[in-house]
Amino acid sequence: MSDDSHLPIEVLRHSAAHLMAHAVLDLYPGTKTGIGPAVETGFYYDFLRDEPFTPEDLEKIEARMKEIARENVPIERLVLAKDEAVRMFEGLGQPLKVELIRENGDASVTVYRQGPFADFCLGPHVASTGLLQNLKLLSVSGAYWKGDERGAQMQRIYGAVFPTGKELDDHLKLLEEAKKRDHRRLGAELDLFSTNEELGGGLILWHPKGARVRAIIEQHWRERHWAGGYDILFTPHIGRATLWQTSGHLGFYKDSMYSPMDIDDQPYYLKPMNCPFHIEIYKSRMRLGTVYRYERSGTLHGLLRVRGFTQDDAHIICTPGQIEDEILRVLDFSVSILADFGFTDNKIELSVRDPKNPGKYCGADELWCRAEASLVKALETRGYPYERMEGEAVFYGPKIDIKIKDAIGRHWQCTTIQFDFNMSERFDMTYVGEDGKEHRPYMVHRALLGSLERFFGVLVEHYNGSFPLWLAPVQVMILPIAERHEDYARALETRLREGGLRTGVDLSREKVGKKIRGAELQKVPLILVVGDKEVESGSASLRVPGQGDKGAVDVARFLEKAQELDRLKSLVVNF
RNA sequence: GCCAGCGUAGCUCAGCAGGUAGAGCGGCUGAUUUGUAAUCAGCGGGUCAGGGGUUCGAAUCCCUUCGCUGGCUCCA
């Protein structure tokens with residue numbers, strides 16, 4: 001490619017991956033190269049080498065990459081016969097490349113070469129390494145050869161590259177920002193939740209402030225569901241093995257279920273899912289249910305991947321004639337509730353069968369077609385753009401996933417609306433139709449927020465810990481300036497509390513500057529300072545983080561306005 | 001589960017060619033009674049993740065268990 005001003009970023013990334021392999025082979029001859037593609041956030045390359053790459057090695061590799069970039073080595077595209085290419089990479093001592101060529105190469109294959117380095121690759125690439133100056137290596141980690149757990153363990157080095165230095169700096173700043181708003185860090189700083197070694201990994205302790213936010217989320221969720229015509233259920237945390245046999249969980253997911261416990265000589269299992277209980281009640285429609293799954297130790301991550309979590313799943317059981325309306329309703333409902341929490345920029349994915357592999361799915365063809373049509377129709381009726389994911393459907397039915405976009409542009413999977421042809425058959429669910437005969441109803445699983453733990457973690461990161469007023473664990477913090485203002489402050493606190501506002505008062509004998517700092521660091525949305533002036537006039541001085549000192553406010557007016565913002569679930573504090 | 005790395009005071013971290021543990025912030029106490037992001041002084045606080053080993057001696061080296069981090073695999 002010669003025009004470098006409008007290069008797709010993927011080309012730059014892919015070329016940077018080649019450049020990295022080039023530098024690695026310069027510095028560590030004998031290293032075997034695997035694959036090195038562009039990815040969403042940059043690029044990586046997999047290497048096979050006995051010695052682990054250290055952070056210092058990464059610096060050296062990066063320095064060498066920049067050297068080669070400055071030398072502006074031309075990148076050349078070669079077209080070779082397959083066996084010629086095989087001989088070439090055998091000569092270069094790259095058996096993994098030979099394997100790839102043998103498996104994937106056509107009769108003639110393309111090879112890109114820069115200086116001594118060559119790679120089997122479709123391209124395209126930049127014309128020369130000079131365009132790859134603005135790069136940074138970020139991390140090294142393990143990866144399996146060809147993604148197979150039993151395959152060789154490769155070392156994967158990740159990096160980022162951009163056309164300009166400014167874009168690289170911006171990207172690095174974004175990474176810093178993401179680190180700063182990490183929910184695990186904010187969870188500790190704001191005293192929201194913790195995990196505990198003695199307790200075990202993947203199990204969450206909700207502290208008072210975190211629990212308060214969670215309770216508010218649940219309360220809102222419940223009210224919306226009742227208003228939307230859903231019912232709620234409570235079901236046990238354990239159930240007999242026979243239930244899980246019928247449901248198929250023991251067959252399909254035994255490895256992810258905890259060992260059974262013995263009750264009266266009967267095996268009982270901790271529930272990995274709510275559905276079977278649900279089906280037992282049949283007509284019922286939704287629940288918040290805590291489930292327990294064995295997640296492999298290396299996969300646990302803060303609140304985002306845990307071993308005990310609360311799902312907000314509902315199950316919709318309806319006739320084929322009702323299905324389109326039901327799907328549309330649940331889609332509207334989901335989008336609307338996500339918007340309540342400030343998520344309005346969603347990415348929607350429709351997962352359908354793999355047309356090449358129809359055998360691995362359960363349920364009749366006709367059911368699949370009608371189900372898929374109802375999903376498509378709902379999306380199209382509302383005009384939502386969506387991406388069709390061929391082969392991404394679960395074996396038991398097609399689904400719609402909604403991924404929300406957070407404040408710094410990251411996507412998080414939340415809502416999922418899934419058909420289930422497996423359960424309805426296994427539990428032999430039927431309804432009597434107008435014809436007086438028994439028919440199989442449709443069953444749809446719906447998790448809206450997904451897991452409350454995970455959703456809460458995403459909320460923390462989205463708002464960077466500064467929850468909107470209606471979600472904030474402490475909505476108002478009152479700061480008396482001196483001891484003589486404490487009675488007034490306490491009376492004010494009582495008044496606001498009775499007015500329904502979650503209010504605290506800082507009675508430490510510190511200067512007001514320090515109290516303000518404390519309240520700001522705790523990300524309290526409304527701060528009231530009270531001193532001589534306020535006591536005398538029966539007012540309070542309002543400070544809004546991010547907006548500074550707003551001056552004196554009348555207490556009655558303040559209360560009214562704060563109540564209104566709370567009631568309207570306003571996402572901004574607008575006094 | 002796999003690869004690599006990490007685990008020192010409540011938090012952030014220093015100490016590590018093996019010689020018996022330190023800072024800042026927080027906490028507590030006292031003085032200060034304070035007007036919009038840190039008042040000053042003093043004090044307490046750690047079986048250096050747990051267990052085992054090497055050594056005269058281990059936070060430091062080795063093994064092991066647990067937990068955490070970045071990925072991989074997985075995620076009904």
# chains A, B, ... in the order shown; residues from 1 in each chain; ligands from 1
call {"tool": "closest_atom_pairs", "arguments": {"of": "chain B", "to": "chain A", "cutoff": "7 Å", "atoms": "only C-alpha atoms (C1' of nucleotides)", "output": "JSON lines"}}
result
{"residue": "B:G1", "atom": "C1'", "partner": "A:Arg296", "partner_atom": "CA", "distance": 6.3}
{"residue": "B:C3", "atom": "C1'", "partner": "A:Gly142", "partner_atom": "CA", "distance": 4.3}
{"residue": "B:A4", "atom": "C1'", "partner": "A:Ser141", "partner_atom": "CA", "distance": 6.0}
{"residue": "B:U33", "atom": "C1'", "partner": "A:Ala482", "partner_atom": "CA", "distance": 5.4}
{"residue": "B:U34", "atom": "C1'", "partner": "A:Lys511", "partner_atom": "CA", "distance": 4.9}
{"residue": "B:U36", "atom": "C1'", "partner": "A:Gly513", "partner_atom": "CA", "distance": 6.2}
{"residue": "B:A37", "atom": "C1'", "partner": "A:Arg517", "partner_atom": "CA", "distance": 4.2}
{"residue": "B:A38", "atom": "C1'", "partner": "A:Lys514", "partner_atom": "CA", "distance": 5.6}
{"residue": "B:G67", "atom": "C1'", "partner": "A:Glu197", "partner_atom": "CA", "distance": 5.5}
{"residue": "B:G70", "atom": "C1'", "partner": "A:Ser141", "partner_atom": "CA", "distance": 6.5}
{"residue": "B:G71", "atom": "C1'", "partner": "A:Ser141", "partner_atom": "CA", "distance": 4.6}
{"residue": "B:C72", "atom": "C1'", "partner": "A:Ala143", "partner_atom": "CA", "distance": 4.2}
{"residue": "B:U73", "atom": "C1'", "partner": "A:Glu149", "partner_atom": "CA", "distance": 5.6}
call {"tool": "residues_around", "arguments": {"residues": "A14 in chain B", "least_positions_apart": "4", "cutoff": "12 Å", "atoms": "only C-alpha atoms (C1' of nucleotides)", "output": "list of chain:residue names"}}
result
B:U8, B:A21, B:G22, B:A23, B:G24
call {"tool": "residues_around", "arguments": {"residues": "Phe43 in chain A", "least_positions_apart": "3", "cutoff": "9 Å", "atoms": "only C-alpha atoms (C1' of nucleotides)", "output": "list of chain:residue names"}}
result
A:Glu10, A:Arg13, A:His14, A:Ser15, A:Ala16, A:Ala17, A:Gly36, A:Pro37, A:Ala38, A:Val39, A:Glu40, A:Ile157, A:Tyr158, A:Gly159, A:Ala160, A:Val161
call {"tool": "write_last_selection", "arguments": {"atoms": "C-alpha atoms", "output": "JSON list (two decimals), in the first residue's frame"}}
result
[["chain", "number", "residue", "atom", "x", "y", "z"],
["A", 10, "GLU", "CA", -5.97, -2.67, 11.13],
["A", 13, "ARG", "CA", -1.67, -2.93, 13.63],
["A", 14, "HIS", "CA", -1.02, -6.01, 11.60],
["A", 15, "SER", "CA", 2.19, -4.54, 10.24],
["A", 16, "ALA", "CA", 3.25, -3.67, 13.77],
["A", 17, "ALA", "CA", 2.73, -7.31, 14.71],
["A", 36, "GLY", "CA", 0.23, -12.25, 14.93],
["A", 37, "PRO", "CA", -3.03, -10.52, 14.03],
["A", 38, "ALA", "CA", -4.52, -7.10, 14.56],
["A", 39, "VAL", "CA", -7.14, -7.01, 17.31],
["A", 40, "GLU", "CA", -9.68, -4.46, 18.46],
["A", 157, "ILE", "CA", 2.94, -10.07, 23.55],
["A", 158, "TYR", "CA", 0.34, -7.33, 23.19],
["A", 159, "GLY", "CA", 1.00, -3.87, 21.83],
["A", 160, "ALA", "CA", -0.70, -0.77, 20.51],
["A", 161, "VAL", "CA", 0.19, 1.32, 17.49]]
call {"tool": "residues_around", "arguments": {"residues": "His171 in chain A", "least_positions_apart": "3", "cutoff": "12 Å", "atoms": "only C-alpha atoms (C1' of nucleotides)", "output": "list in words"}}
result
Thr41, Gly42, Asn134, Leu135, Lys136, Leu138, Gly159, Ala160, Val161, Phe162, Pro163, Thr164, Gly165, Lys166, Glu167, Leu168, Leu174, Leu175, Glu176, Glu177, Ala178, Ile408 and Gly409 of chain A
call {"tool": "write_last_selection", "arguments": {"atoms": "N, CA and C atoms", "output": "PDB file, in the first residue's frame"}}
result
ATOM      1  N   THR A  41      -8.001  -3.678  20.006  1.00  0.00           N
ATOM      2  CA  THR A  41      -7.297  -2.613  20.719  1.00  0.00           C
ATOM      3  C   THR A  41      -5.839  -2.472  20.301  1.00  0.00           C
ATOM      4  N   GLY A  42      -5.399  -3.255  19.330  1.00  0.00           N
ATOM      5  CA  GLY A  42      -3.994  -3.151  18.935  1.00  0.00           C
ATOM      6  C   GLY A  42      -3.570  -4.376  18.159  1.00  0.00           C
ATOM      7  N   ASN A 134       4.917   5.031  16.149  1.00  0.00           N
ATOM      8  CA  ASN A 134       4.170   5.342  17.365  1.00  0.00           C
ATOM      9  C   ASN A 134       3.548   4.093  17.960  1.00  0.00           C
ATOM     10  N   LEU A 135       4.386   3.348  18.662  1.00  0.00           N
ATOM     11  CA  LEU A 135       3.899   2.088  19.197  1.00  0.00           C
ATOM     12  C   LEU A 135       4.366   1.893  20.627  1.00  0.00           C
ATOM     13  N   LYS A 136       3.692   0.966  21.287  1.00  0.00           N
ATOM     14  CA  LYS A 136       4.017   0.672  22.683  1.00  0.00           C
ATOM     15  C   LYS A 136       3.655  -0.780  22.964  1.00  0.00           C
ATOM     16  N   LEU A 138       2.591  -3.592  25.547  1.00  0.00           N
ATOM     17  CA  LEU A 138       1.812  -3.415  26.767  1.00  0.00           C
ATOM     18  C   LEU A 138       1.933  -4.557  27.765  1.00  0.00           C
ATOM     19  N   GLY A 159       0.520  -5.238  22.012  1.00  0.00           N
ATOM     20  CA  GLY A 159       0.999  -3.875  21.827  1.00  0.00           C
ATOM     21  C   GLY A 159      -0.071  -3.016  21.181  1.00  0.00           C
ATOM     22  N   ALA A 160       0.200  -1.720  21.166  1.00  0.00           N
ATOM     23  CA  ALA A 160      -0.703  -0.772  20.509  1.00  0.00           C
ATOM     24  C   ALA A 160       0.121   0.069  19.547  1.00  0.00           C
ATOM     25  N   VAL A 161      -0.502   0.472  18.458  1.00  0.00           N
ATOM     26  CA  VAL A 161       0.186   1.316  17.485  1.00  0.00           C
ATOM     27  C   VAL A 161      -0.811   2.311  16.906  1.00  0.00           C
ATOM     28  N   PHE A 162      -0.333   3.506  16.599  1.00  0.00           N
ATOM     29  CA  PHE A 162      -1.206   4.543  16.043  1.00  0.00           C
ATOM     30  C   PHE A 162      -0.451   5.341  14.987  1.00  0.00           C
ATOM     31  N   PRO A 163      -1.210   5.993  14.095  1.00  0.00           N
ATOM     32  CA  PRO A 163      -0.568   6.795  13.061  1.00  0.00           C
ATOM     33  C   PRO A 163       0.236   7.953  13.657  1.00  0.00           C
ATOM     34  N   THR A 164      -0.255   8.525  14.757  1.00  0.00           N
ATOM     35  CA  THR A 164       0.447   9.679  15.329  1.00  0.00           C
ATOM     36  C   THR A 164       0.749   9.445  16.805  1.00  0.00           C
ATOM     37  N   GLY A 165       1.731  10.183  17.282  1.00  0.00           N
ATOM     38  CA  GLY A 165       2.108  10.086  18.686  1.00  0.00           C
ATOM     39  C   GLY A 165       0.994  10.532  19.605  1.00  0.00           C
ATOM     40  N   LYS A 166       0.227  11.510  19.145  1.00  0.00           N
ATOM     41  CA  LYS A 166      -0.850  12.018  20.000  1.00  0.00           C
ATOM     42  C   LYS A 166      -1.920  10.945  20.231  1.00  0.00           C
ATOM     43  N   GLU A 167      -2.253  10.249  19.143  1.00  0.00           N
ATOM     44  CA  GLU A 167      -3.261   9.193  19.286  1.00  0.00           C
ATOM     45  C   GLU A 167      -2.774   8.095  20.221  1.00  0.00           C
ATOM     46  N   LEU A 168      -1.471   7.790  20.139  1.00  0.00           N
ATOM     47  CA  LEU A 168      -0.909   6.789  21.045  1.00  0.00           C
ATOM     48  C   LEU A 168      -1.018   7.277  22.489  1.00  0.00           C
ATOM     49  N   LEU A 174      -6.229   6.642  28.106  1.00  0.00           N
ATOM     50  CA  LEU A 174      -7.484   5.917  28.283  1.00  0.00           C
ATOM     51  C   LEU A 174      -7.263   4.660  29.124  1.00  0.00           C
ATOM     52  N   LEU A 175      -6.144   3.982  28.874  1.00  0.00           N
ATOM     53  CA  LEU A 175      -5.834   2.790  29.663  1.00  0.00           C
ATOM     54  C   LEU A 175      -5.639   3.157  31.128  1.00  0.00           C
ATOM     55  N   GLU A 176      -4.964   4.288  31.359  1.00  0.00           N
ATOM     56  CA  GLU A 176      -4.771   4.786  32.720  1.00  0.00           C
ATOM     57  C   GLU A 176      -6.115   5.068  33.374  1.00  0.00           C
ATOM     58  N   GLU A 177      -6.976   5.729  32.594  1.00  0.00           N
ATOM     59  CA  GLU A 177      -8.303   6.100  33.083  1.00  0.00           C
ATOM     60  C   GLU A 177      -9.103   4.850  33.455  1.00  0.00           C
ATOM     61  N   ALA A 178      -9.009   3.835  32.596  1.00  0.00           N
ATOM     62  CA  ALA A 178      -9.730   2.597  32.869  1.00  0.00           C
ATOM     63  C   ALA A 178      -9.212   1.964  34.154  1.00  0.00           C
ATOM     64  N   ILE A 408     -16.499   5.288  28.974  1.00  0.00           N
ATOM     65  CA  ILE A 408     -15.251   5.412  28.224  1.00  0.00           C
ATOM     66  C   ILE A 408     -15.217   4.467  27.030  1.00  0.00           C
ATOM     67  N   GLY A 409     -16.425   4.109  26.574  1.00  0.00           N
ATOM     68  CA  GLY A 409     -16.515   3.451  25.271  1.00  0.00           C
ATOM     69  C   GLY A 409     -16.373   1.936  25.271  1.00  0.00           C
TER      70      GLY A 409
END
call {"tool": "residues_around", "arguments": {"residues": "U65 in chain B", "least_positions_apart": "6", "cutoff": "12 Å", "atoms": "only C-alpha atoms (C1' of nucleotides)", "output": "compact mmCIF listing (two decimals) with C-alpha atoms (C1' of nucleotides), in the first residue's frame"}}
result
# COMPACT_ATOMS: atom_id res chain seq x y z
C1' A B 49 -0.46 -14.55 52.86
C1' G B 50 -0.39 -19.97 55.29
C1' G B 51 2.72 -24.38 55.75
C1' G B 52 7.37 -26.85 54.96
call {"tool": "residues_around", "arguments": {"residues": "C48 in chain B", "least_positions_apart": "6", "cutoff": "12 Å", "atoms": "only C-alpha atoms (C1' of nucleotides)", "output": "number ranges by chain"}}
result
B: 7-9, 15-16, 20-22, 58-60
call {"tool": "select_by_dssp", "arguments": {"residues": "range 15-169 of chain A", "states": "strand (DSSP E or B)", "output": "MDAnalysis selection string"}}
result
chainID A and resid 32:33 38:39 42:48 74 76:81 108:114 117:120 128 134:144 153:162
call {"tool": "write_last_selection", "arguments": {"atoms": "N, CA and C atoms", "output": "compact mmCIF listing (two decimals), in the first residue's frame"}}
result
# COMPACT_ATOMS: atom_id res chain seq x y z
N LYS A 32 10.32 -19.42 17.93
CA LYS A 32 9.38 -19.85 16.89
C LYS A 32 8.17 -18.91 16.90
N THR A 33 7.78 -18.49 15.71
CA THR A 33 6.66 -17.56 15.65
C THR A 33 5.36 -18.29 15.32
N ALA A 38 -4.02 -8.33 13.98
CA ALA A 38 -4.52 -7.10 14.56
C ALA A 38 -5.75 -7.47 15.39
N VAL A 39 -5.93 -6.81 16.52
CA VAL A 39 -7.14 -7.01 17.31
C VAL A 39 -7.77 -5.65 17.59
N GLY A 42 -5.40 -3.26 19.33
CA GLY A 42 -3.99 -3.15 18.93
C GLY A 42 -3.57 -4.38 18.16
N PHE A 43 -2.54 -5.03 18.66
CA PHE A 43 -2.06 -6.21 17.96
C PHE A 43 -1.37 -7.13 18.96
N TYR A 44 -1.17 -8.36 18.55
CA TYR A 44 -0.33 -9.26 19.35
C TYR A 44 0.41 -10.20 18.44
N TYR A 45 1.39 -10.89 19.00
CA TYR A 45 2.05 -11.96 18.28
C TYR A 45 2.34 -13.06 19.28
N ASP A 46 2.17 -14.31 18.85
CA ASP A 46 2.45 -15.45 19.73
C ASP A 46 3.82 -16.03 19.40
N PHE A 47 4.59 -16.28 20.45
CA PHE A 47 5.93 -16.84 20.27
C PHE A 47 6.09 -18.09 21.10
N LEU A 48 6.88 -19.02 20.56
CA LEU A 48 7.22 -20.22 21.30
C LEU A 48 8.70 -20.12 21.65
N PRO A 74 11.81 -1.44 3.74
CA PRO A 74 10.68 -1.69 2.85
C PRO A 74 10.03 -3.05 3.11
N GLU A 76 7.90 -6.09 1.47
CA GLU A 76 7.77 -6.63 0.13
C GLU A 76 6.76 -7.77 0.13
N ARG A 77 5.92 -7.79 -0.89
CA ARG A 77 4.93 -8.87 -1.00
C ARG A 77 5.40 -9.87 -2.03
N LEU A 78 5.47 -11.15 -1.65
CA LEU A 78 5.90 -12.19 -2.56
C LEU A 78 4.76 -13.16 -2.77
N VAL A 79 4.65 -13.69 -3.97
CA VAL A 79 3.71 -14.78 -4.22
C VAL A 79 4.52 -16.00 -4.57
N LEU A 80 4.36 -17.05 -3.76
CA LEU A 80 5.16 -18.25 -3.94
C LEU A 80 4.26 -19.46 -4.12
N ALA A 81 4.81 -20.45 -4.78
CA ALA A 81 4.11 -21.73 -4.81
C ALA A 81 4.13 -22.29 -3.39
N SER A 108 -0.87 -21.25 -4.44
CA SER A 108 0.16 -20.22 -4.29
C SER A 108 -0.19 -19.40 -3.04
N VAL A 109 0.83 -19.01 -2.33
CA VAL A 109 0.60 -18.31 -1.07
C VAL A 109 1.36 -16.98 -1.09
N THR A 110 0.86 -16.04 -0.27
CA THR A 110 1.58 -14.77 -0.19
C THR A 110 2.46 -14.74 1.05
N VAL A 111 3.60 -14.14 0.87
CA VAL A 111 4.56 -13.98 1.97
C VAL A 111 4.98 -12.53 1.99
N TYR A 112 5.02 -11.95 3.17
CA TYR A 112 5.50 -10.57 3.29
C TYR A 112 6.89 -10.61 3.90
N ARG A 113 7.78 -9.81 3.31
CA ARG A 113 9.16 -9.85 3.77
C ARG A 113 9.64 -8.44 4.06
N GLN A 114 10.33 -8.30 5.19
CA GLN A 114 10.97 -7.03 5.52
C GLN A 114 12.35 -7.38 6.05
N PHE A 117 13.32 -10.76 7.89
CA PHE A 117 12.11 -11.38 8.43
C PHE A 117 11.06 -11.62 7.34
N ALA A 118 10.43 -12.78 7.40
CA ALA A 118 9.37 -13.08 6.45
C ALA A 118 8.21 -13.73 7.19
N ASP A 119 7.00 -13.51 6.69
CA ASP A 119 5.83 -14.07 7.34
C ASP A 119 4.82 -14.52 6.30
N PHE A 120 4.21 -15.65 6.58
CA PHE A 120 3.13 -16.17 5.74
C PHE A 120 1.88 -15.38 6.11
N SER A 128 6.38 0.31 4.21
CA SER A 128 7.67 0.17 4.87
C SER A 128 7.50 0.43 6.36
N ASN A 134 4.92 5.03 16.15
CA ASN A 134 4.17 5.34 17.37
C ASN A 134 3.55 4.09 17.96
N LEU A 135 4.39 3.35 18.66
CA LEU A 135 3.90 2.09 19.20
C LEU A 135 4.37 1.89 20.63
N LYS A 136 3.69 0.97 21.29
CA LYS A 136 4.02 0.67 22.68
C LYS A 136 3.66 -0.78 22.96
N LEU A 137 4.58 -1.52 23.54
CA LEU A 137 4.26 -2.89 23.96
C LEU A 137 3.66 -2.83 25.35
N LEU A 138 2.59 -3.59 25.55
CA LEU A 138 1.81 -3.42 26.77
C LEU A 138 1.93 -4.56 27.76
N SER A 139 1.89 -5.78 27.29
CA SER A 139 1.90 -6.88 28.26
C SER A 139 2.29 -8.18 27.58
N VAL A 140 2.66 -9.12 28.39
CA VAL A 140 2.96 -10.45 27.88
C VAL A 140 2.11 -11.43 28.68
N SER A 141 1.59 -12.44 28.00
CA SER A 141 0.76 -13.41 28.71
C SER A 141 0.81 -14.73 27.98
N GLY A 142 0.16 -15.71 28.56
CA GLY A 142 0.15 -17.03 27.96
C GLY A 142 -0.95 -17.16 26.93
N ALA A 143 -0.76 -18.04 25.99
CA ALA A 143 -1.81 -18.33 25.01
C ALA A 143 -1.53 -19.72 24.47
N TYR A 144 -2.59 -20.41 24.06
CA TYR A 144 -2.39 -21.76 23.54
C TYR A 144 -2.23 -21.72 22.04
N GLN A 153 2.03 -24.16 24.88
CA GLN A 153 1.80 -22.90 25.57
C GLN A 153 2.73 -21.85 24.96
N MET A 154 2.13 -20.88 24.30
CA MET A 154 2.90 -19.83 23.64
C MET A 154 2.98 -18.62 24.58
N GLN A 155 3.84 -17.69 24.23
CA GLN A 155 3.87 -16.42 24.94
C GLN A 155 3.33 -15.35 23.99
N ARG A 156 2.33 -14.64 24.45
CA ARG A 156 1.69 -13.64 23.60
C ARG A 156 2.07 -12.25 24.09
N ILE A 157 2.61 -11.45 23.18
CA ILE A 157 2.94 -10.07 23.55
C ILE A 157 1.93 -9.14 22.88
N TYR A 158 1.33 -8.28 23.70
CA TYR A 158 0.34 -7.33 23.19
C TYR A 158 0.96 -5.95 23.04
N GLY A 159 0.52 -5.24 22.01
CA GLY A 159 1.00 -3.87 21.83
C GLY A 159 -0.07 -3.02 21.18
N ALA A 160 0.20 -1.72 21.17
CA ALA A 160 -0.70 -0.77 20.51
C ALA A 160 0.12 0.07 19.55
N VAL A 161 -0.50 0.47 18.46
CA VAL A 161 0.19 1.32 17.49
C VAL A 161 -0.81 2.31 16.91
N PHE A 162 -0.33 3.51 16.60
CA PHE A 162 -1.21 4.54 16.04
C PHE A 162 -0.45 5.34 14.99
call {"tool": "atom_distance", "arguments": {"atom1": "CA of Asp50 in chain A", "atom2": "CA of Asn104 in chain A"}}
result
26.6 Å
call {"tool": "atom_distance", "arguments": {"atom1": "CA of Thr415 in chain A", "atom2": "CA of Ala314 in chain A"}}
result
11.3 Å
call {"tool": "select_by_dssp", "arguments": {"residues": "range 246-468 of chain A", "states": "alpha helix (DSSP H)", "output": "PyMOL selection string"}}
result
chain A and resi 246-247+249-253+275-281+323-340+365-382+421-426+452-462
call {"tool": "atom_distance", "arguments": {"atom1": "CA of Ala556 in chain A", "atom2": "CA of Leu568 in chain A"}}
result
18.3 Å
call {"tool": "residues_around", "arguments": {"residues": "range 27-30 of chain B", "least_positions_apart": "4", "cutoff": "10 Å", "atoms": "only C-alpha atoms (C1' of nucleotides)", "output": "JSON, numbers by chain"}}
result
{"B": [10, 41, 42, 43, 44, 45]}
